[in-house]
$ cat my_file-v1.txt   # compact mmCIF, C-alpha atoms
# COMPACT_ATOMS: atom_id res chain seq x y z
CA MET A 1 21.61 20.58 -0.56
CA ASP A 2 18.37 18.83 0.40
CA VAL A 3 16.22 20.39 3.09
CA ASP A 4 15.13 18.20 6.01
CA TRP A 5 11.31 18.03 5.96
CA SER A 6 10.95 15.59 8.85
CA GLY A 7 10.17 18.41 11.31
CA VAL A 8 6.97 19.40 9.49
CA ALA A 9 6.03 15.78 8.77
CA LYS A 10 4.10 15.43 12.04
CA THR A 11 2.05 18.58 11.39
CA VAL A 12 1.21 17.48 7.84
CA GLY A 13 0.59 13.91 9.02
CA LYS A 14 -2.24 15.03 11.30
CA VAL A 15 -4.26 15.98 8.23
CA ALA A 16 -2.67 13.85 5.51
CA PRO A 17 -0.92 10.76 6.96
CA ALA A 18 0.55 9.47 3.68
CA ALA A 19 1.98 12.89 2.79
CA GLY A 20 3.36 13.31 6.32
CA GLY A 21 5.00 9.90 6.15
CA ALA A 22 6.48 10.71 2.76
CA LEU A 23 7.93 13.95 4.13
CA ALA A 24 9.82 12.00 6.78
CA GLY A 25 11.27 9.59 4.22
CA PRO A 26 13.75 9.78 1.37
CA LEU A 27 11.26 11.59 -0.87
CA GLY A 28 10.75 14.34 1.70
CA ALA A 29 12.19 17.14 -0.40
CA ALA A 30 10.11 16.24 -3.45
CA VAL A 31 6.88 15.87 -1.47
CA GLY A 32 7.67 19.03 0.48
CA GLY A 33 8.02 20.94 -2.77
CA VAL A 34 4.66 19.64 -4.00
CA ILE A 35 3.00 20.63 -0.73
CA ALA A 36 4.61 24.08 -0.78
CA ASP A 37 3.48 24.64 -4.37
CA LYS A 38 -0.07 23.53 -3.54
CA LEU A 39 -0.16 25.88 -0.56
CA GLY A 40 1.36 28.69 -2.62
CA VAL A 41 4.33 29.27 -0.32
CA GLU A 42 8.11 29.14 -0.50
CA ARG A 43 9.59 25.62 -0.65
CA THR A 44 10.75 25.49 2.96
CA PRO A 45 9.47 23.48 5.92
CA GLU A 46 8.97 26.69 7.90
CA ALA A 47 6.77 28.26 5.20
CA VAL A 48 4.69 25.10 4.89
CA GLU A 49 4.26 24.84 8.67
CA LYS A 50 3.19 28.50 8.86
CA ALA A 51 0.71 28.06 5.99
CA ILE A 52 -0.84 25.00 7.64
CA ASN A 53 -1.28 26.88 10.90
CA ASP A 54 -2.53 30.13 9.31
CA ASP A 55 -4.58 29.07 6.27
CA PRO A 56 -7.98 27.48 7.01
CA GLN A 57 -7.96 25.99 3.48
CA ALA A 58 -4.59 24.29 4.00
CA ALA A 59 -6.17 21.11 5.38
CA MET A 60 -8.33 20.75 2.27
CA LYS A 61 -5.31 21.27 0.03
CA LEU A 62 -3.34 18.65 1.96
CA ARG A 63 -6.22 16.20 1.61
CA GLU A 64 -6.16 16.78 -2.16
CA ILE A 65 -2.46 15.94 -2.19
CA GLU A 66 -3.20 12.86 -0.08
CA ALA A 67 -5.84 11.74 -2.57
CA ASP A 68 -3.37 12.21 -5.44
CA ILE A 69 -0.77 10.12 -3.60
CA GLU A 70 -3.33 7.37 -2.98
CA LYS A 71 -4.38 7.40 -6.66
CA ALA A 72 -0.76 7.07 -7.73
CA LEU A 73 -0.18 4.17 -5.32
CA ILE A 74 -3.32 2.36 -6.46
CA GLY A 75 -2.30 2.86 -10.07
CA ALA A 76 1.20 1.54 -9.41
CA ARG A 77 -0.15 -1.52 -7.60
CA ALA A 78 -2.64 -2.13 -10.39
CA ASP A 79 0.14 -1.96 -12.96
CA VAL A 80 2.25 -4.49 -11.03
CA VAL A 81 -0.62 -6.96 -10.64
CA GLN A 82 -1.61 -6.56 -14.28
CA ALA A 83 1.98 -7.02 -15.47
CA GLU A 84 2.30 -10.19 -13.39
CA ALA A 85 -1.05 -11.54 -14.63
CA ASN A 86 -0.10 -10.89 -18.26
CA ALA A 87 3.45 -12.20 -17.96
CA GLU A 88 4.63 -14.90 -20.29
CA GLY A 89 6.33 -16.93 -17.60
CA TRP A 90 4.28 -19.34 -15.50
CA LEU A 91 6.30 -18.61 -12.38
CA GLN A 92 5.92 -14.85 -12.74
CA ARG A 93 2.13 -15.21 -13.02
CA ASN A 94 1.79 -17.61 -10.10
CA TRP A 95 4.42 -16.75 -7.49
CA ARG A 96 1.96 -15.10 -5.07
CA PRO A 97 -0.41 -18.08 -4.78
CA MET A 98 2.61 -20.38 -4.54
CA VAL A 99 4.02 -18.41 -1.60
CA MET A 100 0.66 -18.56 0.18
CA LEU A 101 0.42 -22.31 -0.42
CA TRP A 102 3.92 -22.73 0.97
CA PHE A 103 3.08 -20.85 4.16
CA ALA A 104 -0.16 -22.81 4.51
CA ALA A 105 1.82 -26.05 4.11
CA LEU A 106 4.25 -24.93 6.82
CA VAL A 107 1.38 -24.24 9.21
CA GLY A 108 -0.23 -27.60 8.36
CA ALA A 109 3.09 -29.37 8.89
CA HIS A 110 3.38 -27.75 12.30
CA TRP A 111 -0.11 -28.88 13.30
CA LEU A 112 0.69 -32.40 12.16
CA GLY A 113 3.88 -32.40 14.22
CA PHE A 114 6.39 -32.26 11.34
CA THR A 115 8.29 -29.27 12.69
CA PRO A 116 11.23 -29.04 15.07
CA GLU A 117 10.41 -29.14 18.77
CA ASN A 118 12.45 -25.99 19.37
CA LEU A 119 10.23 -23.88 17.08
CA ASP A 120 8.86 -21.15 19.34
CA THR A 121 5.21 -20.11 19.45
CA GLY A 122 6.09 -16.58 18.27
CA THR A 123 7.36 -17.94 14.96
CA VAL A 124 4.30 -20.13 14.56
CA SER A 125 2.08 -17.15 15.35
CA GLN A 126 3.85 -15.04 12.71
CA LEU A 127 3.33 -17.76 10.10
CA LEU A 128 -0.35 -17.95 10.99
CA ASP A 129 -0.65 -14.17 10.66
CA ILE A 130 0.97 -14.25 7.21
CA VAL A 131 -1.39 -16.98 6.05
CA GLN A 132 -4.41 -15.25 7.57
CA TYR A 133 -3.64 -11.88 5.98
CA GLY A 134 -2.71 -13.44 2.67
CA LEU A 135 -5.82 -15.58 2.44
CA THR A 136 -8.04 -12.74 3.58
CA GLY A 137 -6.56 -10.45 0.94
CA TYR A 138 -6.87 -13.12 -1.73
CA VAL A 139 -10.49 -13.99 -0.88
CA VAL A 140 -11.57 -10.35 -0.57
CA GLY A 141 -9.70 -9.43 -3.75
CA ARG A 142 -11.22 -12.27 -5.75
CA SER A 143 -14.70 -11.49 -4.40
CA ALA A 144 -14.31 -7.82 -5.32
CA GLU A 145 -13.09 -8.84 -8.78
CA LYS A 146 -16.10 -11.10 -9.36
CA ILE A 147 -18.63 -8.57 -8.02
CA THR A 148 -17.14 -5.73 -10.05
CA ARG A 149 -17.01 -7.86 -13.18
CA HIS A 150 -20.65 -8.86 -12.66
CA VAL A 151 -21.85 -5.30 -11.99
CA SER A 152 -19.73 -3.40 -14.49
CA GLY A 153 -18.92 -6.02 -17.07
CA SER A 154 -15.20 -5.52 -16.49
CA GLY A 155 -12.72 -6.43 -13.79
CA PHE A 156 -11.88 -4.67 -10.54
CA MET A 157 -8.50 -3.42 -11.75
CA ALA A 158 -10.09 -1.97 -14.88
CA ALA A 159 -12.59 -0.13 -12.67
CA VAL A 160 -9.83 1.17 -10.40
CA LYS A 161 -7.76 2.33 -13.35
CA ALA A 162 -10.79 4.08 -14.86
CA LYS A 163 -11.37 5.93 -11.57
CA VAL A 164 -7.72 6.94 -11.30
CA LYS A 165 -7.64 8.38 -14.82

$ encode --input "my_file-v1.txt" --output "C-alpha cells"
Amino acid sequence: MDVDWSGVAKTVGKVAPAAGGALAGPLGAAVGGVIADKLGVERTPEAVEKAINDDPQAAMKLREIEADIEKALIGARADVVQAEANAEGWLQRNWRPMVMLWFAALVGAHWLGFTPENLDTGTVSQLLDIVQYGLTGYVVGRSAEKITRHVSGSGFMAAVKAKVK
C-alpha cells in the first residue's frame, strides 16, 4: 500500500518546491523514499517532517535533492529536443516552429478581420499569450545556442548535457 506524502509536501516545498510538488503528485511515494533516505530516516511522511523540523542540515539536503531533480528534468528535455532535431522525418523535426507559425497566423487573421465576430477577447488574449511565450522562448533559446556555440565551440544543449553529467 502506498503512503500518502501530500501532507509533508508543503513543508518540503518551502525549501525545495519541485520536490514538494512531486510529493503531492503520483510519484509521491518514490520521491518521499528518496527524501527519507537522504535525510537518513524511516520512509514515512512523519519521520521526514520531524527530520526537517529538527535537523538544521535538512534544508541543505533537500536543496541537493532539488538540484538533482532539476538536472534530471533538464537532461530529459535536452534528450527530447535532440531526438526531434535528429529525427529522420521532416514533420518530427519541424512541428514546433509550425505550431508557432500557425498561432501567429491565427493572430494575424484576427487583426485583419478574418475571424468570427463572436470570438471573445479572452480567447484572442490566450492566443497572443501563446505566441508571445513561444516566440520569446524561441528567440531566447536560439540566442543562447548561438552565444554558447560561439563561446564554447559547441551548442547550448551540449553544454547543458556536459554540466548535468

$ closest_residue --input "my_file-v1.txt" --among "A:Ala72, A:Ala87, A:Thr44, A:Val124" --to "Gly108 of chain A" --atoms "all atoms listed in the file"
A:Val124

$ atom_distance --input "my_file-v1.txt" --atom1 "atom CA of Gly75 of chain A" --atom2 "atom CA of Val15 of chain A"
22.6 Å

$ atom_distance --input "my_file-v1.txt" --atom1 "atom CA of Phe114 of chain A" --atom2 "atom CA of Arg96 of chain A"
24.2 Å

$ atom_distance --input "my_file-v1.txt" --atom1 "atom CA of Gln132 of chain A" --atom2 "atom CA of Trp95 of chain A"
17.5 Å

$ closest_residue --input "my_file-v1.txt" --among "A:Ala78, A:Ala9, A:Leu128, A:Ile69" --to "Ala105 of chain A" --atoms "all atoms listed in the file"
A:Leu128

$ closest_residue --input "my_file-v1.txt" --among "A:Trp90, A:Leu73, A:Leu39, A:Gly32" --to "Ala51 of chain A" --atoms "all atoms listed in the file"
A:Leu39

$ residues_around --input "my_file-v1.txt" --residues "Val3 of chain A" --least-positions-apart "2" --cutoff "12 Å" --atoms "all atoms listed in the file" --output "PDB file with C-alpha atoms, in the frame of the given file"
ATOM      1  CA  MET A   1      21.610  20.580  -0.560  1.00  0.00           C
ATOM      2  CA  TRP A   5      11.310  18.030   5.960  1.00  0.00           C
ATOM      3  CA  SER A   6      10.950  15.590   8.850  1.00  0.00           C
ATOM      4  CA  GLY A   7      10.170  18.410  11.310  1.00  0.00           C
ATOM      5  CA  VAL A   8       6.970  19.400   9.490  1.00  0.00           C
ATOM      6  CA  LEU A  23       7.930  13.950   4.130  1.00  0.00           C
ATOM      7  CA  ALA A  24       9.820  12.000   6.780  1.00  0.00           C
ATOM      8  CA  GLY A  25      11.270   9.590   4.220  1.00  0.00           C
ATOM      9  CA  PRO A  26      13.750   9.780   1.370  1.00  0.00           C
ATOM     10  CA  LEU A  27      11.260  11.590  -0.870  1.00  0.00           C
ATOM     11  CA  GLY A  28      10.750  14.340   1.700  1.00  0.00           C
ATOM     12  CA  ALA A  29      12.190  17.140  -0.400  1.00  0.00           C
ATOM     13  CA  ALA A  30      10.110  16.240  -3.450  1.00  0.00           C
ATOM     14  CA  VAL A  31       6.880  15.870  -1.470  1.00  0.00           C
ATOM     15  CA  GLY A  32       7.670  19.030   0.480  1.00  0.00           C
ATOM     16  CA  GLY A  33       8.020  20.940  -2.770  1.00  0.00           C
ATOM     17  CA  ARG A  43       9.590  25.620  -0.650  1.00  0.00           C
ATOM     18  CA  THR A  44      10.750  25.490   2.960  1.00  0.00           C
ATOM     19  CA  PRO A  45       9.470  23.480   5.920  1.00  0.00           C
ATOM     20  CA  GLU A  46       8.970  26.690   7.900  1.00  0.00           C
TER      21      GLU A  46
END

$ axis_aligned_box --input "my_file-v1.txt" --around "segment 49-67 of chain A" --padding-each-side "3 Å" --output "AutoDock Vina command-line options"
--center_x -2.0 --center_y 20.9 --center_z 4.2 --size_x 18.6 --size_y 24.4 --size_z 19.5

$ closest_residue --input "my_file-v1.txt" --among "A:Ile65, A:Met100, A:Val41, A:His110" --to "Gly137 of chain A" --atoms "all atoms listed in the file"
A:Met100

$ closest_residue --input "my_file-v1.txt" --among "A:Glu49, A:Glu117, A:Glu70, A:Asp79" --to "Lys10 of chain A" --atoms "all atoms listed in the file"
A:Glu49

$ decode --input "my_file-v1.txt" --residues "segment 56-88 of chain A" --atoms "N, CA, C and O atoms" --output "PDB file, in the first residue's frame"
ATOM      1  N   PRO A  56      19.102  20.851  11.359  1.00  0.00           N
ATOM      2  CA  PRO A  56      19.455  22.100  10.671  1.00  0.00           C
ATOM      3  C   PRO A  56      20.046  21.851   9.279  1.00  0.00           C
ATOM      4  O   PRO A  56      19.994  22.732   8.426  1.00  0.00           O
ATOM      5  N   GLN A  57      20.574  20.660   9.039  1.00  0.00           N
ATOM      6  CA  GLN A  57      21.142  20.334   7.728  1.00  0.00           C
ATOM      7  C   GLN A  57      20.099  19.823   6.732  1.00  0.00           C
ATOM      8  O   GLN A  57      20.400  19.621   5.558  1.00  0.00           O
ATOM      9  N   ALA A  58      18.880  19.615   7.196  1.00  0.00           N
ATOM     10  CA  ALA A  58      17.835  19.054   6.335  1.00  0.00           C
ATOM     11  C   ALA A  58      17.563  19.945   5.123  1.00  0.00           C
ATOM     12  O   ALA A  58      17.376  19.438   4.009  1.00  0.00           O
ATOM     13  N   ALA A  59      17.548  21.253   5.324  1.00  0.00           N
ATOM     14  CA  ALA A  59      17.283  22.164   4.209  1.00  0.00           C
ATOM     15  C   ALA A  59      18.338  22.006   3.118  1.00  0.00           C
ATOM     16  O   ALA A  59      18.002  21.982   1.926  1.00  0.00           O
ATOM     17  N   MET A  60      19.591  21.873   3.511  1.00  0.00           N
ATOM     18  CA  MET A  60      20.668  21.703   2.535  1.00  0.00           C
ATOM     19  C   MET A  60      20.501  20.386   1.778  1.00  0.00           C
ATOM     20  O   MET A  60      20.666  20.329   0.567  1.00  0.00           O
ATOM     21  N   LYS A  61      20.130  19.350   2.489  1.00  0.00           N
ATOM     22  CA  LYS A  61      19.921  18.048   1.855  1.00  0.00           C
ATOM     23  C   LYS A  61      18.750  18.094   0.875  1.00  0.00           C
ATOM     24  O   LYS A  61      18.808  17.506  -0.206  1.00  0.00           O
ATOM     25  N   LEU A  62      17.693  18.815   1.247  1.00  0.00           N
ATOM     26  CA  LEU A  62      16.542  18.952   0.348  1.00  0.00           C
ATOM     27  C   LEU A  62      16.922  19.748  -0.896  1.00  0.00           C
ATOM     28  O   LEU A  62      16.456  19.446  -2.000  1.00  0.00           O
ATOM     29  N   ARG A  63      17.756  20.755  -0.723  1.00  0.00           N
ATOM     30  CA  ARG A  63      18.198  21.538  -1.884  1.00  0.00           C
ATOM     31  C   ARG A  63      19.053  20.686  -2.821  1.00  0.00           C
ATOM     32  O   ARG A  63      19.031  20.874  -4.036  1.00  0.00           O
ATOM     33  N   GLU A  64      19.817  19.754  -2.271  1.00  0.00           N
ATOM     34  CA  GLU A  64      20.593  18.831  -3.105  1.00  0.00           C
ATOM     35  C   GLU A  64      19.649  17.951  -3.931  1.00  0.00           C
ATOM     36  O   GLU A  64      19.892  17.721  -5.120  1.00  0.00           O
ATOM     37  N   ILE A  65      18.608  17.464  -3.288  1.00  0.00           N
ATOM     38  CA  ILE A  65      17.614  16.654  -3.999  1.00  0.00           C
ATOM     39  C   ILE A  65      16.964  17.491  -5.098  1.00  0.00           C
ATOM     40  O   ILE A  65      16.778  17.037  -6.223  1.00  0.00           O
ATOM     41  N   GLU A  66      16.630  18.727  -4.765  1.00  0.00           N
ATOM     42  CA  GLU A  66      16.025  19.644  -5.736  1.00  0.00           C
ATOM     43  C   GLU A  66      16.939  19.832  -6.947  1.00  0.00           C
ATOM     44  O   GLU A  66      16.492  19.798  -8.092  1.00  0.00           O
ATOM     45  N   ALA A  67      18.220  20.021  -6.688  1.00  0.00           N
ATOM     46  CA  ALA A  67      19.179  20.188  -7.780  1.00  0.00           C
ATOM     47  C   ALA A  67      19.239  18.930  -8.643  1.00  0.00           C
ATOM     48  O   ALA A  67      19.310  19.017  -9.872  1.00  0.00           O
ATOM     49  N   ASP A  68      19.195  17.764  -8.016  1.00  0.00           N
ATOM     50  CA  ASP A  68      19.206  16.508  -8.772  1.00  0.00           C
ATOM     51  C   ASP A  68      17.956  16.376  -9.638  1.00  0.00           C
ATOM     52  O   ASP A  68      18.030  15.923 -10.780  1.00  0.00           O
ATOM     53  N   ILE A  69      16.810  16.783  -9.100  1.00  0.00           N
ATOM     54  CA  ILE A  69      15.565  16.736  -9.871  1.00  0.00           C
ATOM     55  C   ILE A  69      15.671  17.670 -11.072  1.00  0.00           C
ATOM     56  O   ILE A  69      15.311  17.304 -12.193  1.00  0.00           O
ATOM     57  N   GLU A  70      16.166  18.880 -10.846  1.00  0.00           N
ATOM     58  CA  GLU A  70      16.319  19.847 -11.936  1.00  0.00           C
ATOM     59  C   GLU A  70      17.274  19.326 -13.003  1.00  0.00           C
ATOM     60  O   GLU A  70      17.023  19.486 -14.195  1.00  0.00           O
ATOM     61  N   LYS A  71      18.386  18.710 -12.597  1.00  0.00           N
ATOM     62  CA  LYS A  71      19.328  18.138 -13.557  1.00  0.00           C
ATOM     63  C   LYS A  71      18.647  17.070 -14.406  1.00  0.00           C
ATOM     64  O   LYS A  71      18.833  17.014 -15.625  1.00  0.00           O
ATOM     65  N   ALA A  72      17.872  16.223 -13.750  1.00  0.00           N
ATOM     66  CA  ALA A  72      17.181  15.157 -14.478  1.00  0.00           C
ATOM     67  C   ALA A  72      16.176  15.732 -15.472  1.00  0.00           C
ATOM     68  O   ALA A  72      16.067  15.259 -16.605  1.00  0.00           O
ATOM     69  N   LEU A  73      15.452  16.770 -15.060  1.00  0.00           N
ATOM     70  CA  LEU A  73      14.482  17.397 -15.960  1.00  0.00           C
ATOM     71  C   LEU A  73      15.165  18.061 -17.146  1.00  0.00           C
ATOM     72  O   LEU A  73      14.702  17.939 -18.282  1.00  0.00           O
ATOM     73  N   ILE A  74      16.254  18.755 -16.890  1.00  0.00           N
ATOM     74  CA  ILE A  74      16.994  19.402 -17.980  1.00  0.00           C
ATOM     75  C   ILE A  74      17.519  18.346 -18.943  1.00  0.00           C
ATOM     76  O   ILE A  74      17.439  18.493 -20.160  1.00  0.00           O
ATOM     77  N   GLY A  75      18.051  17.271 -18.390  1.00  0.00           N
ATOM     78  CA  GLY A  75      18.550  16.191 -19.238  1.00  0.00           C
ATOM     79  C   GLY A  75      17.456  15.565 -20.079  1.00  0.00           C
ATOM     80  O   GLY A  75      17.651  15.296 -21.271  1.00  0.00           O
ATOM     81  N   ALA A  76      16.292  15.363 -19.481  1.00  0.00           N
ATOM     82  CA  ALA A  76      15.173  14.777 -20.225  1.00  0.00           C
ATOM     83  C   ALA A  76      14.715  15.710 -21.339  1.00  0.00           C
ATOM     84  O   ALA A  76      14.453  15.276 -22.466  1.00  0.00           O
ATOM     85  N   ARG A  77      14.622  17.004 -21.024  1.00  0.00           N
ATOM     86  CA  ARG A  77      14.218  17.972 -22.055  1.00  0.00           C
ATOM     87  C   ARG A  77      15.251  18.028 -23.174  1.00  0.00           C
ATOM     88  O   ARG A  77      14.904  18.107 -24.349  1.00  0.00           O
ATOM     89  N   ALA A  78      16.517  18.013 -22.798  1.00  0.00           N
ATOM     90  CA  ALA A  78      17.582  18.038 -23.796  1.00  0.00           C
ATOM     91  C   ALA A  78      17.494  16.819 -24.712  1.00  0.00           C
ATOM     92  O   ALA A  78      17.662  16.931 -25.927  1.00  0.00           O
ATOM     93  N   ASP A  79      17.225  15.674 -24.136  1.00  0.00           N
ATOM     94  CA  ASP A  79      17.106  14.453 -24.929  1.00  0.00           C
ATOM     95  C   ASP A  79      15.939  14.534 -25.915  1.00  0.00           C
ATOM     96  O   ASP A  79      16.062  14.103 -27.060  1.00  0.00           O
ATOM     97  N   VAL A  80      14.821  15.094 -25.477  1.00  0.00           N
ATOM     98  CA  VAL A  80      13.659  15.230 -26.359  1.00  0.00           C
ATOM     99  C   VAL A  80      13.971  16.159 -27.519  1.00  0.00           C
ATOM    100  O   VAL A  80      13.711  15.841 -28.685  1.00  0.00           O
ATOM    101  N   VAL A  81      14.546  17.319 -27.209  1.00  0.00           N
ATOM    102  CA  VAL A  81      14.867  18.289 -28.263  1.00  0.00           C
ATOM    103  C   VAL A  81      15.888  17.702 -29.223  1.00  0.00           C
ATOM    104  O   VAL A  81      15.757  17.830 -30.440  1.00  0.00           O
ATOM    105  N   GLN A  82      16.892  17.024 -28.695  1.00  0.00           N
ATOM    106  CA  GLN A  82      17.913  16.431 -29.552  1.00  0.00           C
ATOM    107  C   GLN A  82      17.327  15.322 -30.428  1.00  0.00           C
ATOM    108  O   GLN A  82      17.641  15.219 -31.609  1.00  0.00           O
ATOM    109  N   ALA A  83      16.455  14.510 -29.863  1.00  0.00           N
ATOM    110  CA  ALA A  83      15.821  13.443 -30.640  1.00  0.00           C
ATOM    111  C   ALA A  83      14.974  14.034 -31.766  1.00  0.00           C
ATOM    112  O   ALA A  83      14.985  13.527 -32.892  1.00  0.00           O
ATOM    113  N   GLU A  84      14.248  15.106 -31.473  1.00  0.00           N
ATOM    114  CA  GLU A  84      13.435  15.742 -32.506  1.00  0.00           C
ATOM    115  C   GLU A  84      14.326  16.361 -33.584  1.00  0.00           C
ATOM    116  O   GLU A  84      14.033  16.257 -34.768  1.00  0.00           O
ATOM    117  N   ALA A  85      15.409  17.006 -33.177  1.00  0.00           N
ATOM    118  CA  ALA A  85      16.296  17.653 -34.145  1.00  0.00           C
ATOM    119  C   ALA A  85      16.995  16.634 -35.043  1.00  0.00           C
ATOM    120  O   ALA A  85      17.272  16.918 -36.207  1.00  0.00           O
ATOM    121  N   ASN A  86      17.263  15.455 -34.514  1.00  0.00           N
ATOM    122  CA  ASN A  86      17.964  14.423 -35.285  1.00  0.00           C
ATOM    123  C   ASN A  86      17.018  13.435 -35.964  1.00  0.00           C
ATOM    124  O   ASN A  86      17.478  12.472 -36.565  1.00  0.00           O
ATOM    125  N   ALA A  87      15.739  13.669 -35.858  1.00  0.00           N
ATOM    126  CA  ALA A  87      14.760  12.732 -36.428  1.00  0.00           C
ATOM    127  C   ALA A  87      14.858  12.696 -37.946  1.00  0.00           C
ATOM    128  O   ALA A  87      15.241  13.675 -38.588  1.00  0.00           O
ATOM    129  N   GLU A  88      14.494  11.561 -38.493  1.00  0.00           N
ATOM    130  CA  GLU A  88      14.531  11.413 -39.940  1.00  0.00           C
ATOM    131  C   GLU A  88      13.369  12.136 -40.620  1.00  0.00           C
ATOM    132  O   GLU A  88      13.513  12.640 -41.714  1.00  0.00           O
TER     133      GLU A  88
END
